[in-house]
Amino acid sequence: MRTRSKALPVTLAAAALAVVAVTAPAPASASSAAAVTIRVERTYSETVYESNSQFTCPPDQVLTGRSHFGDENRPTTYYCSTIFIDDQRVEVHSGDWSAAQRESRSNYVAPLDQALVGRSHSGDENGDTRYRTGALYWQNRQVRLTGAAWTGEHKESSHTTQAGHNQVMTGRLHSGDENGKTRYQYATVTFAG
């Protein structure tokens, strides 16, 4: 029996050694190549009258905030940001305007991995609202937007919203008139080399 118990540990040791040889770590250069630095920097804002407006961020910028005070005859301010990856500007390829929605029950979410770049509105809460989105590219590769989440409710006639750290606006929901509630969807800019 002693011979048998000595042979078992030797067999286990040989198997463990084979596993160690198979699971060697990847070279350090492969894992460090994927790390990038992302920065979303507010670079522009513009105030327009809500009732008859069509706003689009400047080229290569996306929406990261909005404020509105009063009814449809009062101003709305849009906040736009530039995205940088490793200190190089991310390109924004803007698309067409969305189909019109009635403002008093509007609910819009950008397509996957696209950010809002513009909004138009005509009339009061019974008027039409449309959105414009843009796809993001860095070094000819698409930038991802992850972890999309909605804000809490804001009173439309008295609010300001701003994206969190490295986030961009990807949706907006509104119900009612200027005393109704508005929510925004924000997502985080990510890039996997």
# chains A, B, ... in the order shown; residues from 1 in each chain; ligands from 1
call {"tool": "residues_around", "arguments": {"residues": "segment 132-147 of chain A", "least_positions_apart": "6", "cutoff": "6 Å", "atoms": "only C-alpha atoms", "output": "list in words"}}
result
Val90, Glu91, Val92, His93, Ser94, Gly95, Trp97, Asp113, Gln114, Ala115, Leu116, Val117, Gly118, Ala187, Thr188, Val189, Thr190 and Phe191 of chain A
call {"tool": "atom_distance", "arguments": {"atom1": "atom CA of Asp60 of chain A", "atom2": "atom CA of Leu112 of chain A"}}
result
18.0 Å
call {"tool": "select_by_dssp", "arguments": {"residues": "segment 8-163 of chain A", "states": "strand (DSSP E or B)", "output": "PyMOL selection string"}}
result
chain A and resi 38-49+52-56+62-69+75-85+88-89+91-97+101-102+105-109+114-122+128-138+141-142+144-150+154-155+158-162
call {"tool": "closest_atom_pairs", "arguments": {"of": "segment 41-60 of chain A", "to": "segment 161-179 of chain A", "cutoff": "12 Å", "atoms": "only C-alpha atoms", "output": "CSV"}}
result
residue,atom,partner,partner_atom,distance
A:Glu41,CA,A:Asn166,CA,8.3
A:Arg42,CA,A:Ala163,CA,9.9
A:Ser45,CA,A:Gln162,CA,12.0
A:Glu50,CA,A:Glu178,CA,10.9
A:Ser51,CA,A:Glu178,CA,11.5
call {"tool": "closest_residue", "arguments": {"among": "A:Ser98, A:Thr129, A:Ser158, A:Thr151", "to": "Pro111 of chain A", "atoms": "only C-alpha atoms"}}
result
A:Ser98
call {"tool": "closest_residue", "arguments": {"among": "A:Thr47, A:Ser122, A:Ser104, A:Asn52", "to": "Gly65 of chain A", "atoms": "only C-alpha atoms"}}
result
A:Thr47
call {"tool": "select_by_dssp", "arguments": {"residues": "chain A", "states": "alpha helix (DSSP H)", "output": "list in words"}}
result
Arg2, Thr3, Arg4, Ser5, Lys6, Ala7, Leu8, Pro9, Val10, Thr11, Leu12, Ala13, Ala14, Ala15, Ala16, Leu17, Ala18, Val19, Val20, Ala21, Val22, Ala28, Ser29, Ala30, Ser31 and Ser32 of chain A
call {"tool": "write_last_selection", "arguments": {"atoms": "N, CA, C and O atoms", "output": "CSV table (one decimal), in the first residue's frame"}}
result
chain,number,residue,atom,x,y,z
A,2,ARG,N,2.0,1.2,0.6
A,2,ARG,CA,2.8,2.4,0.6
A,2,ARG,C,3.3,2.8,-0.8
A,2,ARG,O,3.3,4.0,-1.1
A,3,THR,N,3.5,1.9,-1.7
A,3,THR,CA,4.0,2.2,-3.0
A,3,THR,C,2.8,2.9,-3.8
A,3,THR,O,3.1,3.9,-4.5
A,4,ARG,N,1.6,2.5,-3.6
A,4,ARG,CA,0.5,3.2,-4.2
A,4,ARG,C,0.3,4.6,-3.8
A,4,ARG,O,0.1,5.5,-4.6
A,5,SER,N,0.4,4.9,-2.5
A,5,SER,CA,0.2,6.3,-2.0
A,5,SER,C,1.4,7.2,-2.5
A,5,SER,O,1.1,8.4,-2.7
A,6,LYS,N,2.6,6.7,-2.7
A,6,LYS,CA,3.7,7.5,-3.2
A,6,LYS,C,3.5,7.8,-4.7
A,6,LYS,O,3.8,8.9,-5.2
A,7,ALA,N,2.9,6.9,-5.5
A,7,ALA,CA,2.7,7.1,-6.9
A,7,ALA,C,1.6,8.2,-7.2
A,7,ALA,O,1.7,8.9,-8.1
A,8,LEU,N,0.6,8.2,-6.4
A,8,LEU,CA,-0.5,9.2,-6.6
A,8,LEU,C,0.0,10.6,-6.6
A,8,LEU,O,-0.3,11.4,-7.5
A,9,PRO,N,0.7,11.1,-5.6
A,9,PRO,CA,1.2,12.5,-5.6
A,9,PRO,C,2.1,12.8,-6.7
A,9,PRO,O,2.1,13.9,-7.3
A,10,VAL,N,2.9,11.9,-7.2
A,10,VAL,CA,3.8,12.1,-8.4
A,10,VAL,C,2.9,12.3,-9.6
A,10,VAL,O,3.2,13.2,-10.4
A,11,THR,N,1.8,11.6,-9.8
A,11,THR,CA,0.9,11.7,-10.9
A,11,THR,C,0.2,13.1,-10.9
A,11,THR,O,0.1,13.8,-11.9
A,12,LEU,N,-0.2,13.5,-9.7
A,12,LEU,CA,-0.9,14.8,-9.5
A,12,LEU,C,0.1,15.9,-9.8
A,12,LEU,O,-0.3,16.9,-10.4
A,13,ALA,N,1.3,15.8,-9.3
A,13,ALA,CA,2.3,16.8,-9.5
A,13,ALA,C,2.6,17.0,-11.0
A,13,ALA,O,2.7,18.1,-11.5
A,14,ALA,N,2.7,15.9,-11.8
A,14,ALA,CA,2.9,16.0,-13.2
A,14,ALA,C,1.8,16.6,-13.9
A,14,ALA,O,2.0,17.4,-14.8
A,15,ALA,N,0.5,16.4,-13.5
A,15,ALA,CA,-0.6,17.0,-14.1
A,15,ALA,C,-0.7,18.5,-13.9
A,15,ALA,O,-1.0,19.3,-14.7
A,16,ALA,N,-0.3,18.9,-12.6
A,16,ALA,CA,-0.3,20.3,-12.3
A,16,ALA,C,0.7,21.0,-13.1
A,16,ALA,O,0.5,22.1,-13.5
A,17,LEU,N,1.9,20.4,-13.3
A,17,LEU,CA,3.0,21.0,-14.1
A,17,LEU,C,2.5,21.2,-15.5
A,17,LEU,O,2.8,22.3,-16.1
A,18,ALA,N,1.8,20.3,-16.1
A,18,ALA,CA,1.3,20.4,-17.4
A,18,ALA,C,0.3,21.6,-17.6
A,18,ALA,O,0.3,22.3,-18.5
A,19,VAL,N,-0.6,21.7,-16.6
A,19,VAL,CA,-1.5,22.9,-16.6
A,19,VAL,C,-0.8,24.2,-16.5
A,19,VAL,O,-1.1,25.1,-17.2
A,20,VAL,N,0.2,24.3,-15.7
A,20,VAL,CA,1.0,25.6,-15.6
A,20,VAL,C,1.6,25.9,-16.9
A,20,VAL,O,1.6,27.0,-17.3
A,21,ALA,N,2.2,24.9,-17.6
A,21,ALA,CA,2.8,25.2,-18.9
A,21,ALA,C,1.8,25.7,-19.9
A,21,ALA,O,2.1,26.5,-20.7
A,22,VAL,N,0.6,25.2,-19.9
A,22,VAL,CA,-0.4,25.6,-20.9
A,22,VAL,C,-1.0,26.9,-20.6
A,22,VAL,O,-1.3,27.7,-21.5
A,28,ALA,N,3.0,41.3,-22.0
A,28,ALA,CA,2.6,42.6,-21.4
A,28,ALA,C,2.2,43.5,-22.5
A,28,ALA,O,1.3,44.3,-22.4
A,29,SER,N,2.9,43.5,-23.7
A,29,SER,CA,2.5,44.5,-24.8
A,29,SER,C,1.1,44.3,-25.3
A,29,SER,O,0.5,45.3,-25.7
A,30,ALA,N,0.6,43.1,-25.3
A,30,ALA,CA,-0.7,42.8,-25.8
A,30,ALA,C,-1.8,43.5,-24.9
A,30,ALA,O,-2.8,44.0,-25.4
A,31,SER,N,-1.6,43.4,-23.6
A,31,SER,CA,-2.7,43.9,-22.7
A,31,SER,C,-2.6,45.4,-22.6
A,31,SER,O,-3.6,46.1,-22.5
A,32,SER,N,-1.4,46.0,-22.7
A,32,SER,CA,-1.2,47.5,-22.6
A,32,SER,C,-1.6,48.2,-23.9
A,32,SER,O,-2.0,49.4,-23.8
call {"tool": "atom_distance", "arguments": {"atom1": "atom CA of Tyr108 of chain A", "atom2": "atom CA of Arg89 of chain A"}}
result
26.8 Å
call {"tool": "closest_residue", "arguments": {"among": "A:Asp86, A:Gln185, A:Asp128, A:Ser120", "to": "Gly152 of chain A", "atoms": "only C-alpha atoms"}}
result
A:Gln185
call {"tool": "atom_distance", "arguments": {"atom1": "atom CA of Glu46 of chain A", "atom2": "atom CA of Thr76 of chain A"}}
result
8.3 Å
call {"tool": "closest_residue", "arguments": {"among": "A:Tyr131, A:Phe55, A:Phe69, A:Phe84", "to": "Ala100 of chain A", "atoms": "only C-alpha atoms"}}
result
A:Tyr131
call {"tool": "closest_residue", "arguments": {"among": "A:Pro75, A:Ile38, A:Gln88, A:Leu63", "to": "Arg119 of chain A", "atoms": "only C-alpha atoms"}}
result
A:Leu63
